[in-house]
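data.pdb follows (PDB, C-alpha atoms, pLDDT in the B column):
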```pdb
ATOM      1  CA  MET A   1     121.914 113.318 270.459  1.00 81.00           C
ATOM      2  CA  ARG A   2     122.864 110.632 272.970  1.00 92.00           C
ATOM      3  CA  ILE A   3     120.958 110.491 276.220  1.00 95.00           C
ATOM      4  CA  ARG A   4     123.065 109.072 279.010  1.00 96.00           C
ATOM      5  CA  GLU A   5     123.207 108.676 282.767  1.00 96.00           C
ATOM      6  CA  TRP A   6     123.603 112.076 284.470  1.00 96.00           C
ATOM      7  CA  GLN A   7     126.876 111.059 286.141  1.00 94.00           C
ATOM      8  CA  ASP A   8     128.353 110.197 282.732  1.00 94.00           C
ATOM      9  CA  ILE A   9     127.564 113.742 281.597  1.00 95.00           C
ATOM     10  CA  LEU A  10     129.301 115.165 284.666  1.00 93.00           C
ATOM     11  CA  GLN A  11     132.287 112.939 283.899  1.00 92.00           C
ATOM     12  CA  ASP A  12     132.401 114.499 280.409  1.00 93.00           C
ATOM     13  CA  VAL A  13     132.496 117.935 282.052  1.00 93.00           C
ATOM     14  CA  VAL A  14     135.328 116.823 284.334  1.00 91.00           C
ATOM     15  CA  ASP A  15     137.283 115.291 281.446  1.00 90.00           C
ATOM     16  CA  ARG A  16     137.089 118.357 279.198  1.00 91.00           C
ATOM     17  CA  SER A  17     140.436 120.087 278.717  1.00 89.00           C
ATOM     18  CA  VAL A  18     139.127 123.637 278.998  1.00 93.00           C
ATOM     19  CA  ASP A  19     139.689 126.538 281.382  1.00 92.00           C
ATOM     20  CA  PRO A  20     137.947 125.358 284.596  1.00 91.00           C
ATOM     21  CA  GLU A  21     136.855 128.933 285.428  1.00 89.00           C
ATOM     22  CA  GLY A  22     134.978 129.285 282.130  1.00 91.00           C
ATOM     23  CA  TRP A  23     132.002 127.180 283.187  1.00 95.00           C
ATOM     24  CA  ARG A  24     128.627 128.750 283.945  1.00 95.00           C
ATOM     25  CA  ALA A  25     125.371 127.115 285.024  1.00 96.00           C
ATOM     26  CA  ALA A  26     121.648 127.678 285.362  1.00 96.00           C
ATOM     27  CA  GLY A  27     119.122 125.415 287.000  1.00 95.00           C
ATOM     28  CA  GLY A  28     115.873 125.092 288.821  1.00 95.00           C
ATOM     29  CA  GLN A  29     112.758 123.031 289.257  1.00 94.00           C
ATOM     30  CA  ARG A  30     111.693 120.810 286.399  1.00 93.00           C
ATOM     31  CA  ALA A  31     108.595 122.020 284.566  1.00 88.00           C
ATOM     32  CA  GLY A  32     105.626 119.743 285.149  1.00 79.00           C
ATOM     33  CA  GLY A  33     107.239 117.034 287.210  1.00 81.00           C
ATOM     34  CA  VAL A  34     109.490 115.802 289.947  1.00 88.00           C
ATOM     35  CA  GLY A  35     113.121 116.857 289.830  1.00 92.00           C
ATOM     36  CA  GLU A  36     115.444 119.570 288.613  1.00 96.00           C
ATOM     37  CA  ASP A  37     116.914 120.848 285.363  1.00 96.00           C
ATOM     38  CA  LEU A  38     120.529 121.925 285.153  1.00 97.00           C
ATOM     39  CA  TYR A  39     122.431 123.444 282.231  1.00 97.00           C
ATOM     40  CA  LEU A  40     126.238 123.568 282.354  1.00 97.00           C
ATOM     41  CA  GLY A  41     127.969 125.619 279.680  1.00 96.00           C
ATOM     42  CA  HIS A  42     131.487 126.569 278.613  1.00 96.00           C
ATOM     43  CA  PRO A  43     132.442 128.622 275.518  1.00 94.00           C
ATOM     44  CA  ASN A  44     134.771 125.865 274.248  1.00 93.00           C
ATOM     45  CA  ALA A  45     132.943 122.786 275.581  1.00 95.00           C
ATOM     46  CA  GLY A  46     129.372 123.677 274.657  1.00 95.00           C
ATOM     47  CA  LEU A  47     126.211 123.162 276.657  1.00 97.00           C
ATOM     48  CA  TYR A  48     125.166 120.138 278.691  1.00 97.00           C
ATOM     49  CA  HIS A  49     121.640 119.535 279.970  1.00 97.00           C
ATOM     50  CA  LEU A  50     120.890 117.334 282.984  1.00 97.00           C
ATOM     51  CA  LYS A  51     117.599 116.294 284.537  1.00 97.00           C
ATOM     52  CA  THR A  52     117.776 114.720 287.983  1.00 96.00           C
ATOM     53  CA  TYR A  53     115.567 113.782 290.917  1.00 94.00           C
ATOM     54  CA  ALA A  54     116.119 112.411 294.406  1.00 92.00           C
ATOM     55  CA  LYS A  55     115.006 108.792 294.501  1.00 90.00           C
ATOM     56  CA  ASN A  56     115.551 108.918 298.244  1.00 88.00           C
ATOM     57  CA  PRO A  57     117.659 111.096 300.558  1.00 89.00           C
ATOM     58  CA  PHE A  58     120.779 109.119 299.644  1.00 91.00           C
ATOM     59  CA  GLN A  59     120.410 108.558 295.901  1.00 92.00           C
ATOM     60  CA  VAL A  60     120.050 110.933 292.966  1.00 94.00           C
ATOM     61  CA  ARG A  61     119.078 109.581 289.565  1.00 95.00           C
ATOM     62  CA  GLY A  62     118.845 111.298 286.228  1.00 96.00           C
ATOM     63  CA  VAL A  63     119.735 111.654 282.592  1.00 97.00           C
ATOM     64  CA  GLY A  64     121.522 114.176 280.443  1.00 97.00           C
ATOM     65  CA  THR A  65     122.951 115.040 277.058  1.00 97.00           C
ATOM     66  CA  HIS A  66     125.336 117.382 275.274  1.00 97.00           C
ATOM     67  CA  VAL A  67     122.980 119.794 273.496  1.00 96.00           C
ATOM     68  CA  ALA A  68     125.441 122.233 271.840  1.00 95.00           C
ATOM     69  CA  ARG A  69     129.100 121.973 270.858  1.00 94.00           C
ATOM     70  CA  LYS A  70     129.841 125.695 271.397  1.00 91.00           C
ATOM     71  CA  LEU A  71     128.226 128.534 273.298  1.00 90.00           C
ATOM     72  CA  ASP A  72     127.230 131.197 270.832  1.00 89.00           C
ATOM     73  CA  ASP A  73     125.999 134.630 271.919  1.00 89.00           C
ATOM     74  CA  GLU A  74     122.347 133.544 272.070  1.00 91.00           C
ATOM     75  CA  ILE A  75     122.893 130.407 274.159  1.00 92.00           C
ATOM     76  CA  GLY A  76     125.512 132.098 276.336  1.00 92.00           C
ATOM     77  CA  SER A  77     123.101 134.916 277.126  1.00 94.00           C
ATOM     78  CA  TYR A  78     120.902 132.504 279.122  1.00 95.00           C
ATOM     79  CA  LEU A  79     123.734 131.652 281.516  1.00 95.00           C
ATOM     80  CA  PRO A  80     125.024 134.030 284.194  1.00 93.00           C
ATOM     81  CA  GLU A  81     127.945 136.274 283.338  1.00 88.00           C
ATOM     82  CA  LYS A  82     131.398 135.426 284.683  1.00 82.00           C
ATOM     83  CA  ASP A  83     131.186 138.196 287.299  1.00 79.00           C
ATOM     84  CA  PHE A  84     127.786 136.927 288.619  1.00 83.00           C
ATOM     85  CA  ARG A  85     128.274 136.399 292.355  1.00 76.00           C
ATOM     86  CA  ASP A  86     124.833 135.377 293.650  1.00 83.00           C
ATOM     87  CA  GLY A  87     125.524 131.670 293.243  1.00 88.00           C
ATOM     88  CA  ARG A  88     128.522 129.437 292.596  1.00 90.00           C
ATOM     89  CA  PHE A  89     129.043 125.790 291.698  1.00 91.00           C
ATOM     90  CA  ALA A  90     131.931 123.388 291.363  1.00 91.00           C
ATOM     91  CA  VAL A  91     132.391 119.908 289.994  1.00 88.00           C
ATOM     92  CA  ARG A  92     135.064 117.746 291.539  1.00 79.00           C
ATOM     93  CA  ASN A  93     136.071 114.351 290.213  1.00 73.00           C
ATOM     94  CA  PRO A  94     136.327 111.716 292.945  1.00 70.00           C
ATOM     95  CA  GLU A  95     139.737 110.147 292.787  1.00 67.00           C
ATOM     96  CA  GLU A  96     139.859 106.502 291.811  1.00 68.00           C
ATOM     97  CA  LYS A  97     142.796 105.870 294.111  1.00 71.00           C
ATOM     98  CA  HIS A  98     144.100 107.773 297.097  1.00 75.00           C
ATOM     99  CA  PRO A  99     146.930 110.130 296.214  1.00 76.00           C
ATOM    100  CA  GLU A 100     150.346 109.644 297.734  1.00 84.00           C
ATOM    101  CA  GLU A 101     150.889 111.247 301.122  1.00 85.00           C
ATOM    102  CA  ASN A 102     153.222 113.926 299.725  1.00 88.00           C
ATOM    103  CA  GLU A 103     150.569 114.912 297.142  1.00 84.00           C
ATOM    104  CA  MET A 104     147.901 115.197 299.850  1.00 83.00           C
ATOM    105  CA  GLU A 105     150.237 117.367 301.930  1.00 89.00           C
ATOM    106  CA  ALA A 106     150.990 119.596 298.920  1.00 88.00           C
ATOM    107  CA  ARG A 107     147.269 120.098 298.256  1.00 85.00           C
ATOM    108  CA  ALA A 108     146.578 120.890 301.898  1.00 89.00           C
ATOM    109  CA  LYS A 109     149.438 123.408 301.893  1.00 92.00           C
ATOM    110  CA  ARG A 110     148.059 125.131 298.739  1.00 92.00           C
ATOM    111  CA  VAL A 111     144.610 125.432 300.310  1.00 92.00           C
ATOM    112  CA  GLU A 112     146.091 126.673 303.606  1.00 92.00           C
ATOM    113  CA  GLU A 113     148.176 129.315 301.787  1.00 92.00           C
ATOM    114  CA  THR A 114     145.130 130.409 299.800  1.00 92.00           C
ATOM    115  CA  ILE A 115     143.036 130.862 302.927  1.00 91.00           C
ATOM    116  CA  LYS A 116     145.845 132.734 304.696  1.00 90.00           C
ATOM    117  CA  ALA A 117     146.259 135.064 301.701  1.00 91.00           C
ATOM    118  CA  HIS A 118     142.542 135.859 301.756  1.00 91.00           C
ATOM    119  CA  ALA A 119     142.542 136.374 305.514  1.00 88.00           C
ATOM    120  CA  ASP A 120     145.252 139.022 305.097  1.00 86.00           C
ATOM    121  CA  ALA A 121     143.680 140.773 302.088  1.00 85.00           C
ATOM    122  CA  PRO A 122     140.330 142.486 301.576  1.00 83.00           C
ATOM    123  CA  THR A 123     138.794 140.034 299.075  1.00 86.00           C
ATOM    124  CA  SER A 124     135.285 138.806 298.439  1.00 84.00           C
ATOM    125  CA  GLY A 125     133.832 135.392 299.197  1.00 82.00           C
ATOM    126  CA  ALA A 126     133.548 134.742 295.462  1.00 82.00           C
ATOM    127  CA  ASP A 127     137.265 135.430 295.015  1.00 86.00           C
ATOM    128  CA  LEU A 128     138.040 133.039 297.872  1.00 89.00           C
ATOM    129  CA  PHE A 129     135.842 130.405 296.246  1.00 89.00           C
ATOM    130  CA  ASP A 130     137.646 130.780 292.893  1.00 88.00           C
ATOM    131  CA  ASP A 131     141.077 130.584 294.492  1.00 90.00           C
ATOM    132  CA  VAL A 132     140.225 127.548 296.632  1.00 91.00           C
ATOM    133  CA  MET A 133     138.803 125.743 293.583  1.00 89.00           C
ATOM    134  CA  GLU A 134     142.039 126.467 291.724  1.00 88.00           C
ATOM    135  CA  ALA A 135     144.091 125.224 294.686  1.00 88.00           C
ATOM    136  CA  LEU A 136     142.037 122.023 294.755  1.00 83.00           C
ATOM    137  CA  GLU A 137     142.412 121.730 290.974  1.00 83.00           C
ATOM    138  CA  SER A 138     138.662 121.535 290.438  1.00 87.00           C
ATOM    139  CA  PRO A 139     138.042 120.815 286.737  1.00 89.00           C
ATOM    140  CA  ALA A 140     134.888 122.962 286.527  1.00 91.00           C
ATOM    141  CA  PHE A 141     133.564 125.861 288.579  1.00 91.00           C
ATOM    142  CA  GLY A 142     131.914 129.204 288.114  1.00 90.00           C
ATOM    143  CA  PRO A 143     128.809 131.323 288.517  1.00 92.00           C
ATOM    144  CA  MET A 144     125.417 129.684 288.793  1.00 94.00           C
ATOM    145  CA  GLU A 145     121.844 130.899 288.804  1.00 94.00           C
ATOM    146  CA  PHE A 146     119.745 128.277 290.594  1.00 94.00           C
ATOM    147  CA  ASP A 147     116.305 128.392 292.153  1.00 92.00           C
ATOM    148  CA  GLY A 148     115.387 125.374 294.265  1.00 88.00           C
ATOM    149  CA  TYR A 149     111.745 126.427 294.511  1.00 91.00           C
ATOM    150  CA  ASP A 150     110.973 127.678 291.017  1.00 91.00           C
ATOM    151  CA  ARG A 151     112.165 127.628 287.433  1.00 92.00           C
ATOM    152  CA  PRO A 152     114.296 130.638 286.407  1.00 92.00           C
ATOM    153  CA  ASP A 153     113.435 132.297 283.083  1.00 94.00           C
ATOM    154  CA  ALA A 154     116.852 131.311 281.706  1.00 94.00           C
ATOM    155  CA  VAL A 155     116.080 127.614 282.232  1.00 95.00           C
ATOM    156  CA  SER A 156     112.687 127.959 280.553  1.00 95.00           C
ATOM    157  CA  ASP A 157     114.284 129.823 277.640  1.00 95.00           C
ATOM    158  CA  LEU A 158     116.947 127.139 277.221  1.00 96.00           C
ATOM    159  CA  ALA A 159     114.228 124.450 277.316  1.00 95.00           C
ATOM    160  CA  GLU A 160     112.417 126.255 274.481  1.00 95.00           C
ATOM    161  CA  THR A 161     115.647 126.651 272.499  1.00 95.00           C
ATOM    162  CA  PHE A 162     116.437 122.932 272.839  1.00 96.00           C
ATOM    163  CA  GLU A 163     112.860 121.689 272.632  1.00 95.00           C
ATOM    164  CA  GLU A 164     113.737 118.264 271.193  1.00 94.00           C
ATOM    165  CA  SER A 165     116.251 117.413 273.925  1.00 93.00           C
ATOM    166  CA  GLU A 166     113.830 118.737 276.549  1.00 95.00           C
ATOM    167  CA  LYS A 167     111.146 116.355 275.302  1.00 95.00           C
ATOM    168  CA  LEU A 168     113.441 113.319 275.072  1.00 95.00           C
ATOM    169  CA  LEU A 169     115.068 113.914 278.452  1.00 95.00           C
ATOM    170  CA  ASN A 170     111.646 114.363 280.082  1.00 94.00           C
ATOM    171  CA  GLU A 171     110.506 111.028 278.636  1.00 94.00           C
ATOM    172  CA  GLU A 172     113.639 109.258 279.874  1.00 95.00           C
ATOM    173  CA  LEU A 173     113.391 110.838 283.339  1.00 94.00           C
ATOM    174  CA  ASP A 174     109.683 109.989 283.585  1.00 92.00           C
ATOM    175  CA  ASP A 175     110.572 106.355 282.807  1.00 92.00           C
ATOM    176  CA  LEU A 176     113.118 106.363 285.657  1.00 92.00           C
ATOM    177  CA  ILE A 177     110.607 107.928 288.038  1.00 91.00           C
ATOM    178  CA  ASP A 178     107.955 105.342 287.097  1.00 89.00           C
ATOM    179  CA  GLU A 179     110.483 102.509 287.420  1.00 90.00           C
ATOM    180  CA  ASP A 180     111.459 103.712 290.899  1.00 86.00           C
ATOM    181  CA  GLU A 181     107.794 104.314 291.855  1.00 79.00           C
ATOM    182  CA  VAL A 182     108.793 107.708 293.238  1.00 76.00           C
ATOM    183  CA  GLY A 183     105.503 109.402 292.327  1.00 64.00           C
ATOM    184  CA  ARG A 184     103.405 106.650 293.894  1.00 57.00           C
ATOM    185  CA  GLY A 185     103.529 107.785 297.517  1.00 55.00           C
ATOM    186  CA  PHE A 186     102.462 105.623 300.451  1.00 48.00           C
ATOM    187  CA  GLN A 187      99.627 103.143 300.291  1.00 44.00           C
TER     188      GLN A 187
END
```
Any chance you could give the structure as structure tokens?
Amino acid sequence: MRIREWQDILQDVVDRSVDPEGWRAAGGQRAGGVGEDLYLGHPNAGLYHLKTYAKNPFQVRGVGTHVARKLDDEIGSYLPEKDFRDGRFAVRNPEEKHPEENEMEARAKRVEETIKAHADAPTSGADLFDDVMEALESPAFGPMEFDGYDRPDAVSDLAETFEESEKLLNEELDDLIDEDEVGRGFQ
């Protein structure tokens, strides 16, 4: 298991050649410390685990790893089902160079047509989200169960299932937090 910078893990997610709608996620507060836990899973890409914290209002730091190569029935059961509509997420890769003007116009037209189609049809917000993500060519999006104030049972269960990665990622994140003196407060 390789522990890496959290943004490198997200880049792996972006670079995966899998159905972008197949991703699911679960996250919440980190147990016993500053920060959050996030699990991103796809049946053909496996499961990724990230631990992050806000160093300041403008900078997020963290670590992550690829904990499983495939989502089996047990691991997949901890993530929300595809039709879960209480929360959604998307990952978008920032472009290294600006696209040509005609490409930007084509993207804007696709998004505009998508929004017009939804304005004329009785669809849900989740359907609009899916269609806009497809129009934007987002490489990963889907349902997400996230609690910003607590730790969902699914996240705790995944932490128990991948106990070794949980321990190693906590140690690495604690080192970052100590290095940044985030837990020190004002003196």
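Between atom CA of A:Asp37 and atom CA of A:Val60 there is a distance of 12.9 Å.
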Run through the PyMOL selection byres ((chain A and resi 19) around 9) on the given coordinates and return the selected residues as a compact mmCIF listing (two decimals) with C-alpha atoms, in the coordinates of the input.
```txt
# COMPACT_ATOMS: atom_id res chain seq x y z
CA ARG A 16 137.09 118.36 279.20
CA SER A 17 140.44 120.09 278.72
CA VAL A 18 139.13 123.64 279.00
CA PRO A 20 137.95 125.36 284.60
CA GLU A 21 136.85 128.93 285.43
CA GLY A 22 134.98 129.28 282.13
CA TRP A 23 132.00 127.18 283.19
CA HIS A 42 131.49 126.57 278.61
CA ASN A 44 134.77 125.86 274.25
CA PRO A 139 138.04 120.82 286.74
CA ALA A 140 134.89 122.96 286.53
```
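The nearest approach to A:Asp175 among the residues A:Gly62, A:Gly41, A:Gly28, A:Pro152, with all atoms listed in the file taken into account, belongs to A:Gly62.
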Exercise. Between atom CA of A:Asp86 and atom CA of A:Gln29, what is the spacing in Å?
Worked result: 17.8 Å
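Running the PyMOL selection byres ((chain A and resi 3) around 8) on this file leaves Met1, Arg2, Arg4, Glu5, Val63, Gly64, Thr65 and Leu169 of chain A selected.
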Could you dump the residues just selected with C-alpha atoms as a PDB file, in the frame of the given file?
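Generated output (again-v6.pdb):
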```
ATOM      1  CA  MET A   1     121.914 113.318 270.459  1.00 81.00           C
ATOM      2  CA  ARG A   2     122.864 110.632 272.970  1.00 92.00           C
ATOM      3  CA  ARG A   4     123.065 109.072 279.010  1.00 96.00           C
ATOM      4  CA  GLU A   5     123.207 108.676 282.767  1.00 96.00           C
ATOM      5  CA  VAL A  63     119.735 111.654 282.592  1.00 97.00           C
ATOM      6  CA  GLY A  64     121.522 114.176 280.443  1.00 97.00           C
ATOM      7  CA  THR A  65     122.951 115.040 277.058  1.00 97.00           C
ATOM      8  CA  LEU A 169     115.068 113.914 278.452  1.00 95.00           C
TER       9      LEU A 169
END
```
If you take only C-alpha atoms and a cut-off of 7 Å, which residues of stretch 7-39 of chain A touch stretch 71-79 of chain A, and what are their nearest atom pairs and distances in Å to one decimal, in chain and number order, as a tab-separated table?
```
residue	atom	partner	partner_atom	distance
A:Arg24	CA	A:Leu79	CA	6.2
A:Ala25	CA	A:Leu79	CA	6.0
A:Ala26	CA	A:Leu79	CA	5.9
```
For the selection you just gave me, I'd like the residues written to a file as a tab-separated table (two decimals), keeping the file's coordinate frame, keeping C-alpha atoms.
```
chain	number	residue	atom	x	y	z
A	24	ARG	CA	128.63	128.75	283.94
A	25	ALA	CA	125.37	127.12	285.02
A	26	ALA	CA	121.65	127.68	285.36
```
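Within the file as shown, the PyMOL selection byres ((chain A and resi 176) around 10) identifies A:Thr52, A:Tyr53, A:Lys55, A:Arg61, A:Gly62, A:Val63, A:Asn170, A:Glu171, A:Glu172, A:Leu173, A:Asp174, A:Asp175, A:Ile177, A:Asp178, A:Glu179, A:Asp180, A:Glu181, A:Val182.
Using only C-alpha atoms, the smallest distance between any of A:Gly35, A:Gln7, A:Arg88, A:Lys167 and A:Leu128 comes from A:Arg88.
Distances to A:Tyr48 were evaluated for A:Ala106, A:Ile9, A:Met133, A:Ala121 using only C-alpha atoms, and the minimum falls at A:Ile9.
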